[in-house]
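Student: Sharing structure-v9.cif (mmCIF, C-alpha atoms) below.
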data_model
loop_
_atom_site.label_atom_id
_atom_site.label_comp_id
_atom_site.auth_asym_id
_atom_site.auth_seq_id
_atom_site.Cartn_x
_atom_site.Cartn_y
_atom_site.Cartn_z
CA MET A 651 -50.81 -4.06 1.67
CA HIS A 652 -50.59 -1.38 -1.00
CA GLU A 653 -47.06 -2.41 -2.05
CA TYR A 654 -48.42 -4.71 -4.76
CA SER A 655 -50.40 -1.93 -6.45
CA LEU A 656 -47.35 0.34 -6.27
CA ILE A 657 -45.23 -2.31 -7.95
CA GLN A 658 -47.83 -2.76 -10.67
CA ALA A 659 -47.77 0.98 -11.38
CA LEU A 660 -43.97 0.87 -11.37
CA ILE A 661 -43.75 -2.06 -13.80
CA ALA A 662 -46.28 -0.44 -16.14
CA ARG A 663 -44.30 2.80 -16.15
CA VAL A 664 -40.99 1.01 -16.80
CA GLY A 665 -42.62 -1.01 -19.61
CA ASP A 666 -43.84 2.18 -21.29
CA GLU A 667 -40.42 3.76 -21.09
CA ALA A 668 -38.68 0.62 -22.42
CA ARG A 669 -41.05 0.43 -25.40
CA ARG A 670 -40.71 4.13 -26.11
CA ARG A 671 -36.95 3.67 -26.34
CA SER A 672 -37.15 0.35 -28.21
CA ALA A 673 -35.20 -1.39 -25.45
CA THR A 674 -34.81 -5.14 -25.75
CA ARG A 675 -34.41 -5.67 -22.03
CA VAL A 676 -34.58 -3.76 -18.74
CA HIS A 677 -31.31 -4.42 -16.95
CA ALA A 678 -31.94 -2.58 -13.70
CA ILE A 679 -34.19 -0.03 -12.06
CA ARG A 680 -33.37 2.23 -9.13
CA VAL A 681 -36.07 3.30 -6.67
CA SER A 682 -35.79 5.64 -3.68
CA LEU A 683 -37.78 4.69 -0.60
CA GLY A 684 -38.00 7.15 2.27
CA ALA A 685 -38.48 5.90 5.82
CA LEU A 686 -41.78 7.83 5.92
CA SER A 687 -42.93 6.80 2.45
CA GLY A 688 -45.40 4.37 3.96
CA VAL A 689 -43.78 1.51 2.09
CA GLU A 690 -42.31 -1.56 3.74
CA PRO A 691 -39.13 -2.42 1.77
CA ASP A 692 -39.46 -6.19 2.32
CA LEU A 693 -43.08 -6.23 1.14
CA PHE A 694 -42.11 -4.03 -1.78
CA THR A 695 -39.37 -6.46 -2.79
CA SER A 696 -41.58 -9.53 -2.50
CA ALA A 697 -44.33 -7.81 -4.49
CA TRP A 698 -41.69 -7.06 -7.13
CA GLU A 699 -40.64 -10.72 -7.30
CA LEU A 700 -44.26 -11.81 -7.75
CA ALA A 701 -45.37 -9.20 -10.24
CA ARG A 702 -42.47 -8.96 -12.62
CA ALA A 703 -42.71 -12.46 -14.14
CA GLY A 704 -43.69 -12.22 -17.78
CA THR A 705 -43.18 -8.46 -17.95
CA THR A 706 -40.42 -6.29 -19.41
CA CYS A 707 -38.95 -6.29 -15.89
CA ALA A 708 -38.70 -10.09 -15.68
CA GLU A 709 -34.90 -10.04 -15.66
CA ALA A 710 -34.34 -6.62 -14.17
CA GLU A 711 -32.51 -5.97 -10.96
CA LEU A 712 -34.36 -3.79 -8.42
CA ARG A 713 -31.99 -1.45 -6.60
CA LEU A 714 -33.57 0.14 -3.57
CA GLU A 715 -32.09 3.28 -2.13
CA ARG A 716 -33.40 3.78 1.38
CA ILE A 717 -33.52 7.28 2.81
CA GLU A 718 -33.70 7.84 6.55
CA ALA A 719 -36.10 10.34 8.11
CA VAL A 720 -34.26 13.09 9.98
CA TRP A 721 -36.12 15.85 11.81
CA SER A 722 -34.29 19.11 12.51
CA CYS A 723 -35.02 22.63 13.69
CA PRO A 724 -35.44 24.91 10.65
CA ARG A 725 -33.87 27.78 12.62
CA CYS A 726 -30.95 26.43 14.70
CA LYS A 727 -30.55 23.23 12.62
CA LYS A 728 -30.43 21.04 15.72
CA VAL A 729 -31.11 17.43 14.77
CA PHE A 730 -33.74 15.62 16.82
CA ALA A 731 -33.12 12.14 18.17
CA PRO A 732 -35.64 9.46 17.14
CA GLY A 733 -38.67 9.67 19.43
CA ASP A 734 -38.09 13.29 20.48
CA VAL A 735 -40.91 15.80 20.76
CA LEU A 736 -40.86 17.49 17.35
CA ARG A 737 -40.53 21.07 18.54
CA CYS A 738 -37.21 22.77 19.19
CA ALA A 739 -36.80 23.38 22.93
CA ASP A 740 -34.67 26.47 22.26
CA CYS A 741 -36.35 28.12 19.26
CA ARG A 742 -39.92 26.79 19.81
CA GLU A 743 -40.04 26.04 16.07
CA PRO A 744 -41.82 22.94 14.79
CA ALA A 745 -39.31 20.44 13.37
CA ALA A 746 -38.85 20.05 9.63
CA LEU A 747 -38.18 16.84 7.73
CA ASN A 748 -35.24 16.19 5.41
CA ASP A 749 -35.77 15.96 1.66
CA GLY A 750 -36.48 12.43 0.59
CA ALA A 751 -37.85 11.23 3.94
CA ASP A 752 -41.15 10.43 2.21
CA ALA A 753 -39.64 9.63 -1.20
CA LEU A 754 -41.27 6.98 -3.33
CA THR A 755 -39.67 7.63 -6.67
CA LEU A 756 -38.49 5.83 -9.77
CA ASP A 757 -35.07 7.39 -10.23
CA GLN A 758 -33.26 5.54 -12.98
CA LEU A 759 -33.52 2.73 -15.49
CA GLU A 760 -30.78 0.82 -17.23
CA LEU A 761 -32.04 -0.33 -20.59
CA GLU A 762 -30.47 -2.62 -23.14
CA VAL A 763 -30.81 -0.97 -26.50
CA PRO A 764 -29.89 -2.87 -29.69
CA MET B 1063 -24.99 -2.12 -30.30
CA CYS B 1064 -21.69 -1.85 -28.45
CA GLN B 1065 -19.53 0.43 -30.52
CA THR B 1066 -16.46 0.18 -28.29
CA CYS B 1067 -15.05 -3.22 -29.13
CA GLY B 1068 -17.47 -4.48 -31.78
CA CYS B 1069 -18.47 -7.51 -29.65
CA GLY B 1070 -22.08 -7.25 -30.78
CA ASP B 1071 -23.45 -6.98 -27.22
CA PRO B 1072 -26.38 -4.65 -26.72
CA GLU B 1073 -25.60 -1.31 -25.13
CA LEU B 1074 -26.70 -0.43 -21.58
CA VAL B 1075 -28.35 2.98 -21.59
CA PRO B 1076 -29.06 4.73 -18.29
CA VAL B 1077 -32.29 6.74 -18.26
CA GLU B 1078 -32.81 9.28 -15.48
CA LEU B 1079 -36.48 9.65 -14.51
CA HIS B 1080 -36.75 10.84 -10.89
CA GLU B 1081 -40.53 10.67 -10.90
CA LYS B 1082 -43.02 9.68 -8.24
CA ILE B 1083 -44.31 6.14 -8.46
CA LEU B 1084 -47.70 7.60 -7.51
CA ALA B 1085 -47.51 10.24 -10.25
CA GLU B 1086 -50.63 8.93 -11.97
CA ASN B 1087 -52.62 9.00 -8.73
CA ASP B 1088 -51.32 12.49 -7.96
CA ARG B 1089 -52.48 13.74 -11.37
CA THR B 1090 -56.01 12.44 -10.76
CA ALA B 1091 -55.93 13.90 -7.24
CA ARG B 1092 -55.03 17.30 -8.66
CA HIS B 1093 -57.96 17.01 -11.03
CA ASN B 1094 -60.33 16.17 -8.14
CA ARG B 1095 -58.92 19.07 -6.14
CA GLU B 1096 -59.50 21.54 -8.98
CA HIS B 1097 -63.14 20.45 -9.08
CA PHE B 1098 -63.62 20.74 -5.31
CA VAL B 1099 -61.91 24.11 -5.06
CA GLY B 1100 -63.68 25.42 -8.15
CA ALA B 1101 -67.05 24.49 -6.70
CA GLY B 1102 -66.25 25.96 -3.29
CA VAL B 1103 -66.51 22.56 -1.60
CA LEU B 1104 -64.35 21.71 1.41
CA ALA B 1105 -63.27 18.08 0.89
CA VAL B 1106 -62.07 16.24 3.99
CA ASN B 1107 -60.37 12.84 3.89
CA VAL B 1108 -61.32 10.98 7.07
CA MET B 1109 -58.98 8.12 7.98
CA GLY B 1110 -58.65 5.78 10.95
CA SER B 1111 -58.76 2.16 12.09
CA PRO B 1112 -61.82 -0.02 11.57
CA GLY B 1113 -64.21 0.78 14.39
CA SER B 1114 -62.49 4.01 15.42
CA GLY B 1115 -65.74 5.93 14.98
CA LYS B 1116 -65.38 7.59 11.59
CA THR B 1117 -69.01 7.12 10.62
CA ALA B 1118 -70.23 8.09 14.11
CA LEU B 1119 -68.20 11.29 13.86
CA LEU B 1120 -69.90 12.19 10.60
CA GLU B 1121 -73.33 11.38 12.03
CA ALA B 1122 -72.56 13.64 15.00
CA THR B 1123 -71.41 16.32 12.56
CA ALA B 1124 -74.80 16.30 10.81
CA ARG B 1125 -76.63 16.55 14.16
CA ALA B 1126 -74.40 19.33 15.47
CA ALA B 1127 -74.44 21.33 12.25
CA ALA B 1128 -78.25 21.21 12.26
CA ALA B 1129 -78.43 22.15 15.95
CA ALA B 1130 -76.05 25.07 15.40
CA LYS B 1131 -78.25 26.20 12.50
CA LYS B 1132 -75.33 25.92 10.10
CA ALA B 1133 -76.52 26.26 6.54
CA TRP B 1134 -73.95 23.65 5.51
CA ARG B 1135 -74.95 21.11 2.94
CA LEU B 1136 -73.06 17.92 3.74
CA GLY B 1137 -72.19 15.03 1.48
CA ALA B 1138 -69.99 11.95 1.62
CA VAL B 1139 -68.51 8.98 -0.09
CA SER B 1140 -67.76 6.09 2.17
CA ALA B 1141 -65.28 3.35 1.40
CA ASP B 1142 -66.02 -0.13 2.54
CA LEU B 1143 -64.49 -3.44 1.50
CA ALA B 1144 -67.69 -5.41 1.28
CA THR B 1145 -70.85 -3.57 2.38
CA ASP B 1146 -72.66 -0.26 2.07
CA HIS B 1147 -73.60 -0.08 5.78
CA ASP B 1148 -71.70 3.15 6.41
CA ALA B 1149 -73.20 4.97 3.45
CA ARG B 1150 -76.66 3.93 4.60
CA ARG B 1151 -75.97 5.17 8.13
CA LEU B 1152 -74.81 8.49 6.71
CA ALA B 1153 -77.87 8.79 4.49
CA ALA B 1154 -80.09 8.10 7.51
CA ALA B 1155 -78.29 10.89 9.35
CA GLY B 1156 -79.14 13.27 6.53
CA ILE B 1157 -75.83 13.18 4.67
CA PRO B 1158 -76.36 12.29 1.01
CA SER B 1159 -73.75 9.64 0.37
CA ARG B 1160 -72.60 6.81 -1.77
CA SER B 1161 -70.50 3.83 -0.87
CA ILE B 1162 -67.32 2.90 -2.68
CA THR B 1163 -66.94 -0.83 -2.41
CA THR B 1164 -63.21 -1.38 -2.70
CA GLY B 1165 -63.20 -5.19 -2.74
CA GLN B 1166 -59.72 -6.24 -1.72
CA ALA B 1167 -58.20 -2.75 -1.82
CA CYS B 1168 -57.04 -1.49 1.54
CA HIS B 1169 -57.23 2.20 0.69
CA LEU B 1170 -58.95 4.71 -1.55
CA ASP B 1171 -57.08 6.17 -4.48
CA ALA B 1172 -57.86 9.31 -6.45
CA GLU B 1173 -59.38 7.40 -9.37
CA LEU B 1174 -61.88 5.53 -7.13
CA VAL B 1175 -62.95 8.85 -5.63
CA HIS B 1176 -63.19 10.47 -9.04
CA ARG B 1177 -65.48 7.75 -10.35
CA ALA B 1178 -67.67 7.87 -7.23
CA LEU B 1179 -68.10 11.62 -7.60
CA HIS B 1180 -70.07 11.02 -10.79
CA ASP B 1181 -72.86 9.48 -8.72
CA VAL B 1182 -73.16 11.90 -5.80
CA PRO B 1183 -74.34 15.52 -5.92
CA TRP B 1184 -71.07 16.70 -4.40
CA ARG B 1185 -71.23 20.00 -6.22
CA GLU B 1186 -74.30 20.95 -4.20
CA THR B 1187 -72.43 20.50 -0.91
CA ASP B 1188 -70.35 22.81 1.28
CA VAL B 1189 -68.50 20.13 3.23
CA PHE B 1190 -67.81 16.82 1.55
CA PHE B 1191 -66.39 13.92 3.52
CA ILE B 1192 -64.36 11.13 1.98
CA GLU B 1193 -64.55 8.35 4.54
CA ASN B 1194 -61.55 6.16 3.80
CA VAL B 1195 -61.12 2.41 4.32
CA GLY B 1196 -60.56 1.53 7.98
CA ASN B 1197 -56.76 1.25 8.01
CA LEU B 1198 -53.97 3.25 9.66
CA VAL B 1199 -51.34 2.36 7.06
CA CYS B 1200 -52.11 2.53 3.35
CA PRO B 1201 -54.56 5.45 3.05
CA ALA B 1202 -51.90 7.87 4.33
CA ILE B 1203 -49.88 7.92 1.12
CA TYR B 1204 -52.69 8.39 -1.43
CA ASP B 1205 -53.65 11.96 -2.24
CA LEU B 1206 -57.35 12.05 -3.13
CA GLY B 1207 -57.70 15.75 -3.87
CA GLN B 1208 -58.88 16.66 -0.37
CA ALA B 1209 -58.26 20.02 1.29
CA ALA B 1210 -57.61 18.46 4.70
CA ASN B 1211 -56.69 15.11 6.21
CA VAL B 1212 -58.18 13.96 9.47
CA ALA B 1213 -57.23 10.90 11.54
CA VAL B 1214 -59.86 9.45 13.84
CA LEU B 1215 -58.32 7.66 16.81
CA SER B 1216 -60.49 6.15 19.52
CA VAL B 1217 -59.39 6.02 23.14
CA THR B 1218 -59.79 2.24 23.15
CA GLU B 1219 -56.92 1.86 20.66
CA GLY B 1220 -54.21 2.80 23.15
CA GLU B 1221 -52.02 5.87 23.63
CA ASP B 1222 -49.09 4.58 21.60
CA LYS B 1223 -50.85 4.26 18.22
CA PRO B 1224 -49.31 7.52 16.88
CA LEU B 1225 -45.83 6.14 17.60
CA LYS B 1226 -46.68 2.89 15.83
CA TYR B 1227 -48.18 4.57 12.75
CA PRO B 1228 -46.08 7.72 12.30
CA VAL B 1229 -46.71 7.95 8.55
CA MET B 1230 -50.43 8.33 9.10
CA PHE B 1231 -50.21 10.86 11.90
CA GLN B 1232 -47.55 12.89 10.19
CA ALA B 1233 -49.84 13.17 7.14
CA VAL B 1234 -52.87 14.62 8.92
CA ASP B 1235 -53.96 18.14 9.76
CA LEU B 1236 -56.08 17.10 12.71
CA VAL B 1237 -56.50 14.12 15.02
CA VAL B 1238 -59.99 13.55 16.40
CA VAL B 1239 -59.76 11.48 19.58
CA THR B 1240 -63.10 9.69 19.76
CA LYS B 1241 -65.12 7.73 22.35
CA CYS B 1242 -63.87 10.00 25.16
CA ASP B 1243 -67.00 9.11 27.16
CA LEU B 1244 -65.28 5.75 27.76
CA VAL B 1245 -62.20 7.24 29.42
CA PRO B 1246 -63.45 6.67 33.02
CA HIS B 1247 -63.77 2.96 32.24
CA LEU B 1248 -60.33 2.53 30.71
CA ASP B 1249 -56.69 2.77 31.73
CA VAL B 1250 -56.04 5.22 28.92
CA ASP B 1251 -54.09 8.39 29.77
CA LEU B 1252 -54.98 11.23 27.38
CA ALA B 1253 -51.86 13.20 28.37
CA LYS B 1254 -49.74 10.27 27.14
CA LEU B 1255 -51.69 10.25 23.90
CA GLN B 1256 -51.02 13.98 23.40
CA ASP B 1257 -47.34 13.37 24.16
CA ALA B 1258 -47.20 10.59 21.55
CA LEU B 1259 -48.74 12.91 18.97
CA ALA B 1260 -46.09 15.56 19.71
CA ARG B 1261 -43.41 12.99 18.83
CA VAL B 1262 -44.78 12.29 15.35
CA MET B 1263 -46.43 15.61 14.40
CA PRO B 1264 -44.37 18.83 14.43
CA ALA B 1265 -47.53 20.92 14.93
CA PRO B 1266 -49.95 18.51 16.60
CA ARG B 1267 -53.59 19.42 16.69
CA ALA B 1268 -56.14 17.17 18.39
CA ILE B 1269 -59.77 17.42 19.47
CA GLU B 1270 -61.05 15.12 22.21
CA LEU B 1271 -64.60 14.20 21.44
CA SER B 1272 -67.48 11.89 22.15
CA ALA B 1273 -69.99 11.42 19.35
CA LYS B 1274 -72.29 9.84 21.93
CA THR B 1275 -72.40 12.64 24.51
CA GLY B 1276 -71.58 15.45 22.09
CA LYS B 1277 -68.54 16.56 24.09
CA GLY B 1278 -65.99 18.28 21.85
CA VAL B 1279 -68.23 18.26 18.79
CA ASP B 1280 -68.42 22.07 18.93
CA ALA B 1281 -64.61 22.25 18.62
CA TRP B 1282 -64.78 19.92 15.60
CA ILE B 1283 -67.49 22.07 13.97
CA ALA B 1284 -65.33 25.16 14.65
CA TRP B 1285 -62.33 23.45 13.04
CA LEU B 1286 -64.40 22.62 9.94
CA GLU B 1287 -65.59 26.23 9.83
CA GLU B 1288 -61.97 27.37 9.96
CA GLN B 1289 -61.04 25.04 7.07
CA ARG B 1290 -64.01 26.29 5.11
CA ALA B 1291 -62.94 29.94 5.33
CA PRO B 1292 -60.89 29.95 2.09
CA PHE B 1293 -63.80 28.32 0.21
CA VAL B 1294 -66.56 30.66 1.32
CA GLY B 1295 -67.36 33.03 -1.51
CA ALA B 1296 -65.44 30.90 -4.00
CA GLU B 1297 -68.70 29.54 -5.34
CA GLY B 1298 -69.72 32.62 -7.27
CA GLY B 1299 -67.31 32.01 -10.10
CA HIS B 1300 -67.63 28.29 -10.50
CA ALA B 1301 -71.05 27.65 -12.01
CA HIS B 1302 -69.85 28.64 -15.43
CA ALA B 1303 -66.47 26.97 -15.15
CA HIS B 1304 -68.08 23.61 -14.55
CA GLY B 1305 -70.79 23.90 -17.14
CA HIS B 1306 -69.16 21.05 -19.05
CA GLY B 1307 -70.76 18.59 -16.65
CA HIS B 1308 -69.08 15.42 -15.71
CA GLY B 1309 -70.06 13.12 -18.49
CA HIS B 1310 -66.58 12.86 -19.94
CA GLY B 1311 -64.68 9.62 -19.84
CA HIS B 1312 -61.60 8.84 -17.79
CA GLY B 1313 -58.05 9.31 -18.77
CA HIS B 1314 -58.75 12.77 -20.14
CA GLY B 1315 -55.99 15.29 -20.11
CA HIS B 1316 -56.77 17.47 -17.10
CA GLY B 1317 -53.95 18.44 -14.79
#
In structure tokens, how does this file's structure come out?

Tutor:
Amino acid sequence: MHEYSLIQALIARVGDEARRRSATRVHAIRVSLGALSGVEPDLFTSAWELARAGTTCAEAELRLERIEAVWSCPRCKKVFAPGDVLRCADCREPAALNDGADALTLDQLELEVP
Amino acid sequence: MCQTCGCGDPELVPVELHEKILAENDRTARHNREHFVGAGVLAVNVMGSPGSGKTALLEATARAAAAAKKAWRLGAVSADLATDHDARRLAAAGIPSRSITTGQACHLDAELVHRALHDVPWRETDVFFIENVGNLVCPAIYDLGQAANVAVLSVTEGEDKPLKYPVMFQAVDLVVVTKCDLVPHLDVDLAKLQDALARVMPAPRAIELSAKTGKGVDAWIAWLEEQRAPFVGAEGGHAHAHGHGHGHGHGHGHG
């Protein structure tokens, strides 16, 4: 259950940014979560609910953008079905993963600035 | 302040960041990696379930390296929630090691490894193992500064584990399938296990091994030798570069 420590790092980072910009409130934060990020979205959300009380994020909305994992052949671009062997039957190339499949990023904040 | 209508409401300002949530960990991992590479040390992050045979693999490595007259100096840090049993086993096998007691933490992070390095003579090693917490989930996403990731998977865990834990298997350079001496007593089908790996790893690489009988240990030693190749000869230039010692505090500005 590493989601809680990730949320703590996230809240600390958002707090720093809010202070640096003299924000009075964090309105929303947007996070990208890839299907292969190793993060369970439900656990991430419940860790967020627990950890944000009393922080600059107490009233912030967490917007999760989930990114699917898609494997494809780097040569012929054929897309693999989930559960396929990850080597192209035609080109013999190992499959490559789409950008963002392992994303775990803080993308955007919405801050209230006086 | 809202300048549009003069209502006095505060203004909403969007701030684009697009940065990794693990950025801090990744910075420390880069710092660890610079040290390992600079000192010519191959650092290997060994992951796997509790009881998969991680410590036994390292013990077998020490025996096999000695038997093959390898001049390797081995070292390790071993993560454990509550005890130092693994580190003691490693020390008894001739691998200087230190335990990292993680308490409630389910994985190692780069900072825990960095702190532990202050107490082990890792610089005087050729191959340095970082034995992670027994867990097939969380350790996969934390870079520690290693050169290679290894997953240890025992035959008693079932052939479908790679399909159930794709994040782990996708993150590793090698899978060591352990306890293969038990195969005759089990219903496990190693071909099915290899097939499962091919569905989560684009370039699967696995070694079937028994730490007990020694089967496959030579292939594991050969793999380590292969990983070591870029580090051999790198040591000449490092003694000076690391003359600053490691007495500095944390949070310094490396990386």

Student: Mind dumping a table of every chain B residue within 12 Å of chain A, with the nearest atom pair and its distance in Å to one decimal, using all atoms listed in the file, sorted by chain and rising number, as JSON lines?

Tutor:
{"residue": "B:Met1063", "atom": "CA", "partner": "A:Pro764", "partner_atom": "CA", "distance": 5.0}
{"residue": "B:Cys1064", "atom": "CA", "partner": "A:Pro764", "partner_atom": "CA", "distance": 8.4}
{"residue": "B:Gln1065", "atom": "CA", "partner": "A:Pro764", "partner_atom": "CA", "distance": 10.9}
{"residue": "B:Gly1070", "atom": "CA", "partner": "A:Pro764", "partner_atom": "CA", "distance": 9.0}
{"residue": "B:Asp1071", "atom": "CA", "partner": "A:Pro764", "partner_atom": "CA", "distance": 8.0}
{"residue": "B:Pro1072", "atom": "CA", "partner": "A:Pro764", "partner_atom": "CA", "distance": 4.9}
{"residue": "B:Glu1073", "atom": "CA", "partner": "A:Val763", "partner_atom": "CA", "distance": 5.4}
{"residue": "B:Leu1074", "atom": "CA", "partner": "A:Glu762", "partner_atom": "CA", "distance": 4.6}
{"residue": "B:Val1075", "atom": "CA", "partner": "A:Leu761", "partner_atom": "CA", "distance": 5.1}
{"residue": "B:Pro1076", "atom": "CA", "partner": "A:Glu760", "partner_atom": "CA", "distance": 4.4}
{"residue": "B:Val1077", "atom": "CA", "partner": "A:Leu759", "partner_atom": "CA", "distance": 5.0}
{"residue": "B:Glu1078", "atom": "CA", "partner": "A:Gln758", "partner_atom": "CA", "distance": 4.5}
{"residue": "B:Leu1079", "atom": "CA", "partner": "A:Asp757", "partner_atom": "CA", "distance": 5.0}
{"residue": "B:His1080", "atom": "CA", "partner": "A:Asp757", "partner_atom": "CA", "distance": 3.9}
{"residue": "B:Glu1081", "atom": "CA", "partner": "A:Thr755", "partner_atom": "CA", "distance": 5.3}
{"residue": "B:Lys1082", "atom": "CA", "partner": "A:Thr755", "partner_atom": "CA", "distance": 4.2}
{"residue": "B:Ile1083", "atom": "CA", "partner": "A:Thr755", "partner_atom": "CA", "distance": 5.2}
{"residue": "B:Leu1084", "atom": "CA", "partner": "A:Leu656", "partner_atom": "CA", "distance": 7.4}
{"residue": "B:Ala1085", "atom": "CA", "partner": "A:Thr755", "partner_atom": "CA", "distance": 9.0}
{"residue": "B:Glu1086", "atom": "CA", "partner": "A:Ala659", "partner_atom": "CA", "distance": 8.5}
{"residue": "B:Asn1087", "atom": "CA", "partner": "A:Ala659", "partner_atom": "CA", "distance": 9.7}
{"residue": "B:Gln1166", "atom": "CA", "partner": "A:Met651", "partner_atom": "CA", "distance": 9.8}
{"residue": "B:Ala1167", "atom": "CA", "partner": "A:His652", "partner_atom": "CA", "distance": 7.8}
{"residue": "B:Cys1168", "atom": "CA", "partner": "A:Met651", "partner_atom": "CA", "distance": 6.7}
{"residue": "B:His1169", "atom": "CA", "partner": "A:His652", "partner_atom": "CA", "distance": 7.7}
{"residue": "B:Leu1170", "atom": "CA", "partner": "A:His652", "partner_atom": "CA", "distance": 10.4}
{"residue": "B:Asp1171", "atom": "CA", "partner": "A:His652", "partner_atom": "CA", "distance": 10.5}
{"residue": "B:Asn1197", "atom": "CA", "partner": "A:Met651", "partner_atom": "CA", "distance": 10.2}
{"residue": "B:Leu1198", "atom": "CA", "partner": "A:Gly688", "partner_atom": "CA", "distance": 10.4}
{"residue": "B:Val1199", "atom": "CA", "partner": "A:Gly688", "partner_atom": "CA", "distance": 7.0}
{"residue": "B:Cys1200", "atom": "CA", "partner": "A:His652", "partner_atom": "CA", "distance": 6.0}
{"residue": "B:Pro1201", "atom": "CA", "partner": "A:His652", "partner_atom": "CA", "distance": 8.9}
{"residue": "B:Ala1202", "atom": "CA", "partner": "A:Gly688", "partner_atom": "CA", "distance": 7.4}
{"residue": "B:Ile1203", "atom": "CA", "partner": "A:Gly688", "partner_atom": "CA", "distance": 6.4}
{"residue": "B:Tyr1204", "atom": "CA", "partner": "A:Gly688", "partner_atom": "CA", "distance": 9.9}
{"residue": "B:Asp1222", "atom": "CA", "partner": "A:Gly733", "partner_atom": "CA", "distance": 11.8}
{"residue": "B:Pro1224", "atom": "CA", "partner": "A:Gly733", "partner_atom": "CA", "distance": 11.2}
{"residue": "B:Leu1225", "atom": "CA", "partner": "A:Gly733", "partner_atom": "CA", "distance": 8.2}
{"residue": "B:Lys1226", "atom": "CA", "partner": "A:Gly733", "partner_atom": "CA", "distance": 11.1}
{"residue": "B:Tyr1227", "atom": "CA", "partner": "A:Gly688", "partner_atom": "CA", "distance": 9.2}
{"residue": "B:Pro1228", "atom": "CA", "partner": "A:Leu686", "partner_atom": "CA", "distance": 7.7}
{"residue": "B:Val1229", "atom": "CA", "partner": "A:Leu686", "partner_atom": "CA", "distance": 5.6}
{"residue": "B:Met1230", "atom": "CA", "partner": "A:Gly688", "partner_atom": "CA", "distance": 8.2}
{"residue": "B:Phe1231", "atom": "CA", "partner": "A:Leu686", "partner_atom": "CA", "distance": 10.8}
{"residue": "B:Gln1232", "atom": "CA", "partner": "A:Leu686", "partner_atom": "CA", "distance": 8.8}
{"residue": "B:Ala1233", "atom": "CA", "partner": "A:Leu686", "partner_atom": "CA", "distance": 9.7}
{"residue": "B:Gln1256", "atom": "CA", "partner": "A:Val735", "partner_atom": "CA", "distance": 10.6}
{"residue": "B:Asp1257", "atom": "CA", "partner": "A:Val735", "partner_atom": "CA", "distance": 7.7}
{"residue": "B:Ala1258", "atom": "CA", "partner": "A:Val735", "partner_atom": "CA", "distance": 8.2}
{"residue": "B:Leu1259", "atom": "CA", "partner": "A:Val735", "partner_atom": "CA", "distance": 8.5}
{"residue": "B:Ala1260", "atom": "CA", "partner": "A:Val735", "partner_atom": "CA", "distance": 5.3}
{"residue": "B:Arg1261", "atom": "CA", "partner": "A:Val735", "partner_atom": "CA", "distance": 4.2}
{"residue": "B:Val1262", "atom": "CA", "partner": "A:Leu736", "partner_atom": "CA", "distance": 6.8}
{"residue": "B:Met1263", "atom": "CA", "partner": "A:Leu736", "partner_atom": "CA", "distance": 6.6}
{"residue": "B:Pro1264", "atom": "CA", "partner": "A:Leu736", "partner_atom": "CA", "distance": 4.8}
{"residue": "B:Ala1265", "atom": "CA", "partner": "A:Pro744", "partner_atom": "CA", "distance": 6.1}
{"residue": "B:Pro1266", "atom": "CA", "partner": "A:Leu736", "partner_atom": "CA", "distance": 9.2}

Student: When you draw a straight line from CA of Lys1241 in chain B to CA of Val1175 in chain B, how long is it in Å?

Tutor: 28.1 Å

Student: Which residues are close to Lys1277 in chain B, i.e. within 10 Å by all atoms listed in the file, leaving aside same-chain residues fewer than 5 positions away? Reply as a PDB file with C-alpha atoms, keeping the file's coordinate frame.

Tutor:
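Output (result34.pdb):
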ATOM      1  CA  THR B1240     -63.100   9.690  19.760  1.00  0.00           C
ATOM      2  CA  LYS B1241     -65.120   7.730  22.350  1.00  0.00           C
ATOM      3  CA  CYS B1242     -63.870  10.000  25.160  1.00  0.00           C
ATOM      4  CA  ASP B1243     -67.000   9.110  27.160  1.00  0.00           C
ATOM      5  CA  ILE B1269     -59.770  17.420  19.470  1.00  0.00           C
ATOM      6  CA  GLU B1270     -61.050  15.120  22.210  1.00  0.00           C
ATOM      7  CA  LEU B1271     -64.600  14.200  21.440  1.00  0.00           C
ATOM      8  CA  SER B1272     -67.480  11.890  22.150  1.00  0.00           C
ATOM      9  CA  TRP B1282     -64.780  19.920  15.600  1.00  0.00           C
TER      10      TRP B1282
END

Student: Just how far from CA of Gly1196 in chain B is CA of Arg716 in chain A, in Å to one decimal?

Tutor: 28.0 Å

Student: Nearest to His1147 in chain B: which of B:Ala1133, B:Thr1163, B:Val1237, B:Leu1104 is it, counting all atoms listed in the file?

Tutor: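 Closest to His1147 in chain B of all the choices is B:Thr1163.
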
Student: So which one's closest to Val1239 in chain B, B:Gln1208, B:Thr1164, B:Thr1218, B:Gln1289? Using all atoms listed in the file, please.

Tutor: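 When distances to Val1239 in chain B are compared using all atoms listed in the file, the smallest one comes from B:Thr1218.
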
Student: Would you mind reading off the distance between CA of Val1106 in chain B and CA of Arg1290 in chain B, one decimal, in Å?

Tutor: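 Atom-to-atom, CA of Val1106 in chain B and CA of Arg1290 in chain B are spaced 10.3 Å apart.
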
Student: Written as a ChimeraX atom specification, which residues does the PyMOL selection byres ((chain A and resi 708) around 10) give for the file shown?

Tutor: /A:661,675-677,698-707,709-711

Student: Under the PyMOL selection byres ((chain B and resi 1215) around 7), which residues of this model are included? Write them out as a ChimeraX atom specification.

Tutor: /B:1110,1114,1213-1214,1216-1217,1237-1240

Student: Box time for range 1144-1159 of chain B: axis-aligned, enclosing all its listed atoms, 8 Å extra on each side; report centre and edge lengths in Å to one decimal, as AutoDock Vina command-line options.

Tutor:
--center_x -73.9 --center_y 3.9 --center_z 4.9 --size_x 28.4 --size_y 34.7 --size_z 25.0
